[in-house]
Amino acid sequence: MSADTNEGQERKFKRIGTRPIRHDGLDKVTGRARFGADYALPGMLHGVMVRSPYAHARILSIDISQAEKVPGVRAVVTRDDFPDVPIGWIPAGSTGVDLGANARTVMAREKVLFHGHAFAAVAATTELAAREAGKLIKVEWEVLTPVLSLEQALAKDAPILHEGQETKGDHPTPEGDSNIANQVCFEGGDIAAGFEEADVIVEGHFETPMVHQGYIEPHACLANVREDGTCEVWCPTQGAFGVKGEVASIAGIEPSLVKVTPTEIGGGFGGKIPVYIEPVAVVLSRKAARPVKITMSREEVFRGSGPTSGSRMWARIGAKSDGTFVAVETKFDFEAGAFRGSPVGAACMTVFSPYNCENFRIFGRDIVLNKPRVAAYRAPGAPIGAFAAESLIDELAMKLDRNPIDLRIQNAVAEGDRAKYGPRFGTIGFKEVLEATRSHPHYKAELGPNQGRGVAAGFWFNAGMQSSATVSVNDDGSAVVRTGNPDIGGSRASMALMCAEELGVDVARVRPLVGDTDSVGYCDPTGGSRVTYATGMAVIEATRQVVDHLRARAATIWDIELDAVEWQDGNAVAINGSAEKGSMSLEDIARKMRLTGGPIVSSASVNPPAAGPGFGVHVCDLEVDPETGVSKVIRYTVVQDAGKAIHPTYVEGQYQGGAAQGIGWALNEEYLWDAEGKVENAGFLDYRIPVASDLPMIDTVIVEVANPLHPYGVRGVGETPIVPPLGAVANAMRHATGIRFHRLPMSPPRVLDALDSDGASS
Amino acid sequence: MTLETSRFESPTDVEGAVALLAAEGGAKVLSGGTDLLVQMRLGAGAPQVFVDVKRIPRLMAVRLGSEGLTIGASVPAAEIFENESIRSLWPGVAEATDLIGSTQVQGRATWSGNLCNASPAADSVPALMACGAVAVIAGPSGERRVSVDAFIKGPGKTVLRRGELVVEFEIPAPPPRSADAYLRLIPRTEMDIAVVGAGVQVELDDGGAIASARVVLGAVAPTALFVEAAASALIGSRLEDAALDAAAAASRAAATPIDDRRGTIAYRKKIAGVLTTRAAKIAFERAQAR
Amino acid sequence: MAKLRVETTINGEETEFLCSGQDSLLDVLRGPLAMTGTKEGCTTGDCGACSIVLDGRLVPSCLVLAAEAEGRVVETIEGVADGQKLTAVQQQFLEHGALQCGICTPGFIIAAEKLLEKNPDPTEEEARYYLAGNLCRCTGYDKIIRAVLDAAAVRREERA
Ligand SMILES: Cc1cc2nc3c(=O)[nH]c(=O)nc-3n(C[C@H](O)[C@H](O)[C@H](O)COP(=O)(O)OP(=O)(O)OC[C@H]3O[C@@H](n4cnc5c(N)ncnc54)[C@H](O)[C@@H]3O)c2cc1C
Ligand code: FES
Ligand code: FES
């Protein structure tokens, strides 16, 4: 759909922007909704993954004979049961996914590359038998020195994770095999001249730890391979079509034989885009000729599923004394985990793009090491980069004695300005968001002793990508809207609202469904903040086609020209010369469908190349106990441009949830490792995500600067909210304690240590 | 090969429990299960026999008299904290009990499990020690009473012998003008294991000065620790700064913590001092109000 | 080994099941009894998704052995609604959009019902501490706490 169909600014909506109860809500408050682990089949076996006790070891041989003898065991599988997908194999037309790496993440082949890396799996009649059998699998290991830090990965004589891996990227790259998988660089202007011209320069080294998405539902999967080779998979995934493709490639099955049903999904945040157990359940089921269910334990989730990168960063900003940025520069090193693919590229693209500055050099490296392979985590990379950038901007504001919001407004990008990664921004709401923040009561509220206020900004591109929707009209005038995007946060309600808006009916008359891969058109995953935007576009388009059909039916019944029928809020209305015909309701037309041409069903597919970026600004008030280093967020406000909020409740929910995750990342979350590379805190007691008593109410302000790329002006809102918090909390800590923290998390021991040593060690 | 699963027994009297525990080396007492079952989930292996003691009336009984409190070993934390008399007589013990885990965990967790699990970071243990609590143990050769401070021998090790279980706790009635307090430090506000815990009990003389004191630290040594020097520093004072500073210094000195995923040595030592003074102030104020 | 036969009352109905000595009540609810409304997020007492009420007490069903349920009274999310009528807590969760993915919701609702039974007029802080054992990664808790406080008000009105 093009810009000329945009009505975001002028159109008076009747239903968009209201807050109906979500359609799937009833099942979710009564326990009826079925999530991944809630599925079962008669005769089902229990599958378990067998995981590596080493962070780095070559697999010389695997002997499963003893395991197979355990009573109740029906299948044991290893690399030998999976096709050898070559590493680096990226199928034509795909989004650049390395299926060889994915296959090896699921089931180790030559080597295990992190502690907890799966190298075998067992299916048995009981979980106990499967676990016991797992212990009897004999592996001949050649234990290798693990690479457990960026320093070790980059050392001259570092053990190489992937023999034959040369550094990619267009900048001077190291010779020969390397743990540096990739280098990215964005340059513009004259960086040396820029810093030369600067009146003030702020710079710093920053560090962030590996953190997990922390969804509450562990991965789970039920698979059934039938006698004819067809295969059904049920799993909580962000994208059923992705699972279908990866199961086919990794398990070695024709894609046409695979049907994936997305179950209700208990959180994902990017971490339920990849497959971990699905191809294994399929291979076990094929071998055992029985349905197989695998559920990860919480410990396995922490050890074996995707965190986001830990990082080491250096950045600096040069500015004129009036505050104008004249040069920015970064060097980012990101941990990719076991295989290439950290979000360092996105971090580089986003880090200084909210601000104008002609001279820049933004450099980042993607580095492999023996830790779990990273997966997408909400705005991948952006929060990490923004932590460095927004901390430095705060420093700059202090040096120049400027209000930190004013300083950002002065440098903020607006429509037509160029992002550091190339394109020019379209209509964006960054300045509006900054101004709304400045005039928010929170920003002017008084602070008490040991309290500090931090502000930080951030942005995310948001994605478009492919989506499909089908809308059908029932003979009572109600409608069904079907898409392939799992509903992680209320998207069914948003799809129904858009359909209801176009049809002009109450949203309760529209039933939104999430279909399986056989019953809906292709949809890219629920991720990239794209569902309300792109899938919503498909819904609007399909509904508009339905409306055209409805008008045509009315025209037939009245025996007038189609042009003489208008659709007005749920009614066909005869106009021009035919006005005397009056109007006919959707219900009337639907009741006569069978006489006027049969069922009315329309589908639409979209593939928008771009979306509208979303900008947000957060304000955090923190109180620190100077004797213990314990800090608490006492007030928090999120201001963000949503373009157009379809269902404001769930927009606010995204703002609040992203902020909470970011606060956790800033204050307490981190993977802790022992000397052998084993995660020491693989559970929710010691991996400390925020609990209810850790947080205050999180205030939200929805700014609406319509996105011209969407018919209603929608921008994705899911990811931007996690970009600013790391900086906002760190800046609040700076103002509460006088200490600039360069390293996350700002946990009580670190804070007290810094306070006691006058900030020297932060 | 057969895969054994655990047996489950729920005796209804102490003798039955003792007999089971004495007969089977692989039998384990199940009180709330919030340590036992967690350890099992995390790979410790299931015991041969679970001996659920919660159907033994004596282990679930609460008796409060002028002598003090006698309370069944398996009364859940939630019930203890809900008991207004316990809250008002031993507020520190009640606080410590209320800190164990979440509301859900408190529906299960017990003092006996907290004690017998013998974790250095157990919250109820320092508080019970500060109040002079005693554990009543039943076993094949009858009953014995062991004060809580002498109960734990080291991480995971207790005085219990084969066939024995804790049946109840006794806490002597608090002397007039005395009170207790317990504080702990955790990174979050809830759902964490103590980085440091401090239990303090003080008794005032007629002039309002501290006549006697107990200071107990948790999570800074292999077992919860009486800090005599800190107690001495408080005695005779009205918590003047010098006394508090001396008590804090004594706690810092007495602490011999380890570095682990929950805190560093240096941090734990500092916090031991901070919590000692803070808990002392609360106990002192409470005693003054009595 | 022979299985244990357990008789118990679940949501007011007398129920019988077979279990092993080490099965948790959560295992049995979700497996043989097919009551999957009670969720599993950790099996180690850390997340609250498996919350149920056992003889009147809020407990994590992952840390209760199934065999312990003999002769006891068990309440789960499936029994919270009063016939066809949602409780005030359930209704307020819907009104406030206090769920995003919804995996934590059954545990929160069970816990919140218990909170309001014990404390009909909790402060925000009391609600936050009472519910601190229920993890939610999606919402930041804001709407959950508002829903609980509003449900408390509705209940008080209904009872007035
Ligand atoms: C999420 C979570 C949070 C927690 N937070 C805390 C916390 O903040 N502070 C804290 O101190 N602890 C905490 N714990 C640990 C645990 O809850 C406590 O230690 C609790 O008091 C254990 O009691 P229980 O009855 O559940 O023990 P159980 O698991 O039943 O028993 C523990 C051990 O003691 C033995 N035992 C139990 N009763 C007896 C008896 N009567 N006689 C002899 N042996 C016996 C058992 O055989 C077992 O070895 C937490 C646990 C969880 C799961
Ligand atoms: S599953 Fe029981 S508390 Fe998480
Ligand atoms: S709504 Fe997803 S965890 Fe709470």
# chains A, B, ... in the order shown; residues from 1 in each chain; ligands from 1
>>> residues_around(residues="range 136-143 of chain C", least_positions_apart="3", cutoff="7 Å", atoms="only C-alpha atoms", output="MDAnalysis selection string")
(chainID A and resid 214:216 267 653 656:657 660 692 697:698) or (chainID C and resid 96:101 104 146:147)
>>> write_last_selection(atoms="C-alpha atoms", output="PDB file, in the first residue's frame")
ATOM      1  CA  GLY A 214      13.979 -14.830  30.137  1.00  0.00           C
ATOM      2  CA  TYR A 215      10.607 -15.872  28.743  1.00  0.00           C
ATOM      3  CA  ILE A 216       8.671 -17.768  31.394  1.00  0.00           C
ATOM      4  CA  GLY A 267       7.024 -15.173  25.635  1.00  0.00           C
ATOM      5  CA  GLY A 653       2.215  -3.123  27.729  1.00  0.00           C
ATOM      6  CA  GLN A 656       6.328  -1.305  30.205  1.00  0.00           C
ATOM      7  CA  GLY A 657       7.626  -4.780  29.457  1.00  0.00           C
ATOM      8  CA  ALA A 660      11.318  -3.770  32.843  1.00  0.00           C
ATOM      9  CA  ALA A 692       6.981  -7.339  41.138  1.00  0.00           C
ATOM     10  CA  MET A 697       4.382   1.571  38.180  1.00  0.00           C
ATOM     11  CA  ILE A 698       5.803   2.371  34.757  1.00  0.00           C
TER      12      ILE A 698
ATOM     13  CA  HIS C  96      -6.536  -4.062  32.216  1.00  0.00           C
ATOM     14  CA  GLY C  97      -4.801  -6.185  29.612  1.00  0.00           C
ATOM     15  CA  ALA C  98      -2.768  -7.562  32.501  1.00  0.00           C
ATOM     16  CA  LEU C  99      -1.416 -10.324  30.308  1.00  0.00           C
ATOM     17  CA  GLN C 100       0.636 -10.303  27.188  1.00  0.00           C
ATOM     18  CA  CYS C 101       1.734 -13.852  26.452  1.00  0.00           C
ATOM     19  CA  CYS C 104       2.161 -16.378  33.974  1.00  0.00           C
ATOM     20  CA  ARG C 146      -3.478  -2.374  38.790  1.00  0.00           C
ATOM     21  CA  ALA C 147      -5.771  -5.268  37.934  1.00  0.00           C
TER      22      ALA C 147
END
>>> residues_around(residues="Ile77 in chain C", least_positions_apart="5", cutoff="10 Å", atoms="only C-alpha atoms", output="PDB file with N, CA and C atoms, in the first residue's frame")
ATOM      1  N   VAL A  29      -7.249 -16.454  31.081  1.00  0.00           N
ATOM      2  CA  VAL A  29      -7.491 -16.249  32.521  1.00  0.00           C
ATOM      3  C   VAL A  29      -8.189 -17.452  33.171  1.00  0.00           C
ATOM      4  N   THR A  30      -8.547 -18.429  32.374  1.00  0.00           N
ATOM      5  CA  THR A  30      -9.207 -19.606  32.936  1.00  0.00           C
ATOM      6  C   THR A  30      -8.339 -20.854  32.827  1.00  0.00           C
ATOM      7  N   GLY A  31      -7.168 -20.726  32.225  1.00  0.00           N
ATOM      8  CA  GLY A  31      -6.272 -21.870  32.115  1.00  0.00           C
ATOM      9  C   GLY A  31      -6.565 -22.773  30.931  1.00  0.00           C
ATOM     10  N   ARG A  32      -7.498 -22.359  30.087  1.00  0.00           N
ATOM     11  CA  ARG A  32      -7.827 -23.224  28.947  1.00  0.00           C
ATOM     12  C   ARG A  32      -6.838 -23.091  27.799  1.00  0.00           C
TER      13      ARG A  32
ATOM     14  N   ASN C  11     -10.694 -29.005  42.954  1.00  0.00           N
ATOM     15  CA  ASN C  11     -11.752 -28.062  42.573  1.00  0.00           C
ATOM     16  C   ASN C  11     -13.123 -28.620  42.942  1.00  0.00           C
ATOM     17  N   MET C  35      -4.928 -31.417  33.374  1.00  0.00           N
ATOM     18  CA  MET C  35      -5.320 -30.056  33.795  1.00  0.00           C
ATOM     19  C   MET C  35      -4.117 -29.151  33.542  1.00  0.00           C
ATOM     20  N   THR C  36      -4.000 -28.715  32.286  1.00  0.00           N
ATOM     21  CA  THR C  36      -2.783 -28.010  31.898  1.00  0.00           C
ATOM     22  C   THR C  36      -2.857 -26.502  32.153  1.00  0.00           C
ATOM     23  N   GLY C  37      -3.918 -26.072  32.826  1.00  0.00           N
ATOM     24  CA  GLY C  37      -4.005 -24.647  33.151  1.00  0.00           C
ATOM     25  C   GLY C  37      -2.921 -24.225  34.123  1.00  0.00           C
ATOM     26  N   THR C  38      -2.499 -25.137  34.978  1.00  0.00           N
ATOM     27  CA  THR C  38      -1.384 -24.859  35.877  1.00  0.00           C
ATOM     28  C   THR C  38      -0.102 -25.023  35.067  1.00  0.00           C
ATOM     29  N   LYS C  39       0.726 -23.988  35.049  1.00  0.00           N
ATOM     30  CA  LYS C  39       1.859 -23.969  34.120  1.00  0.00           C
ATOM     31  C   LYS C  39       3.161 -24.352  34.795  1.00  0.00           C
ATOM     32  N   CYS C  50       3.265 -22.385  38.534  1.00  0.00           N
ATOM     33  CA  CYS C  50       2.584 -23.623  38.921  1.00  0.00           C
ATOM     34  C   CYS C  50       1.748 -23.444  40.190  1.00  0.00           C
ATOM     35  N   SER C  51       1.517 -22.207  40.607  1.00  0.00           N
ATOM     36  CA  SER C  51       0.827 -21.966  41.881  1.00  0.00           C
ATOM     37  C   SER C  51      -0.532 -22.645  41.934  1.00  0.00           C
ATOM     38  N   ILE C  52      -0.800 -23.272  43.060  1.00  0.00           N
ATOM     39  CA  ILE C  52      -2.120 -23.826  43.335  1.00  0.00           C
ATOM     40  C   ILE C  52      -2.421 -23.557  44.802  1.00  0.00           C
ATOM     41  N   VAL C  53      -3.600 -23.930  45.236  1.00  0.00           N
ATOM     42  CA  VAL C  53      -3.933 -23.823  46.651  1.00  0.00           C
ATOM     43  C   VAL C  53      -4.115 -25.243  47.182  1.00  0.00           C
ATOM     44  N   THR C 105      -0.229 -15.987  33.715  1.00  0.00           N
ATOM     45  CA  THR C 105      -1.531 -15.532  34.181  1.00  0.00           C
ATOM     46  C   THR C 105      -2.227 -16.482  35.163  1.00  0.00           C
ATOM     47  N   PRO C 106      -2.293 -17.783  34.872  1.00  0.00           N
ATOM     48  CA  PRO C 106      -2.965 -18.655  35.849  1.00  0.00           C
ATOM     49  C   PRO C 106      -2.330 -18.563  37.233  1.00  0.00           C
ATOM     50  N   GLY C 107      -1.020 -18.540  37.292  1.00  0.00           N
ATOM     51  CA  GLY C 107      -0.327 -18.451  38.577  1.00  0.00           C
ATOM     52  C   GLY C 107      -0.627 -17.147  39.283  1.00  0.00           C
ATOM     53  N   PHE C 108      -0.649 -16.058  38.536  1.00  0.00           N
ATOM     54  CA  PHE C 108      -0.962 -14.762  39.130  1.00  0.00           C
ATOM     55  C   PHE C 108      -2.393 -14.725  39.655  1.00  0.00           C
ATOM     56  N   ILE C 109      -3.293 -15.309  38.889  1.00  0.00           N
ATOM     57  CA  ILE C 109      -4.697 -15.236  39.297  1.00  0.00           C
ATOM     58  C   ILE C 109      -4.921 -16.042  40.573  1.00  0.00           C
ATOM     59  N   ILE C 110      -4.367 -17.232  40.617  1.00  0.00           N
ATOM     60  CA  ILE C 110      -4.483 -18.044  41.838  1.00  0.00           C
ATOM     61  C   ILE C 110      -3.904 -17.282  43.032  1.00  0.00           C
ATOM     62  N   ALA C 111      -2.737 -16.685  42.837  1.00  0.00           N
ATOM     63  CA  ALA C 111      -2.072 -15.986  43.944  1.00  0.00           C
ATOM     64  C   ALA C 111      -2.851 -14.739  44.338  1.00  0.00           C
TER      65      ALA C 111
END
>>> interface_residues(of="chain B", to="chain A", cutoff="8 Å", atoms="only C-alpha atoms", output="PyMOL selection string")
chain B and resi 1-3+187-193+261-264+267+271+274
>>> select_by_dssp(residues="chain C", states="helix (DSSP H, G or I)", output="MDAnalysis selection string")
chainID C and resid 25:30 61:63 66:69 77:79 88:96 105:118 124:130 142:159
>>> residues_near_ligand(ligand="ligand 1", cutoff="6 Å", atoms="only C-alpha atoms and all ligand atoms", output="JSON, numbers by chain")
{"B": [28, 29, 30, 31, 32, 33, 34, 35, 36, 73, 99, 100, 101, 108, 109, 110, 111, 112, 113, 114, 116, 117, 121, 122, 123, 165, 166, 167, 191, 192, 193], "C": [44, 45, 46]}
>>> residues_near_ligand(ligand="ligand 2", cutoff="6 Å", atoms="only C-alpha atoms and all ligand atoms", output="PyMOL selection string")
chain C and resi 40-50+60-62
>>> select_by_dssp(residues="chain C", states="strand (DSSP E)", output="list in words")
Leu4, Arg5, Val6, Glu7, Thr8, Thr9, Ile10, Glu13, Glu14, Thr15, Glu16, Phe17, Leu18, Cys19, Ser51, Ile52, Val53, Leu54, Arg57, Leu58, Val59, Pro60, Val73, Val74 and Glu75 of chain C
>>> interface_residues(of="chain B", to="chain C", cutoff="7 Å", atoms="only C-alpha atoms", output="list in words")
Glu4, Thr5, Ser6, Arg7, Phe8, Gly33, Thr34, Leu37, Val38, Arg41, Ser102, Thr103, Gln104, Val105, Gly107, Arg108, Glu190 and Met191 of chain B
>>> atom_distance(atom1="CA of Val573 in chain A", atom2="CA of Ala554 in chain A")
8.6 Å
>>> residues_around(residues="Asn83 in chain B", least_positions_apart="2", cutoff="12 Å", atoms="only C-alpha atoms", output="MDAnalysis selection string")
chainID B and resid 62:64 69 71 75:81 85:91 93:95 97:98
>>> residues_around(residues="Tyr650 in chain A", least_positions_apart="6", cutoff="9 Å", atoms="only C-alpha atoms", output="JSON, numbers by chain")
{"A": [19, 489, 490, 491, 494], "C": [97, 100]}
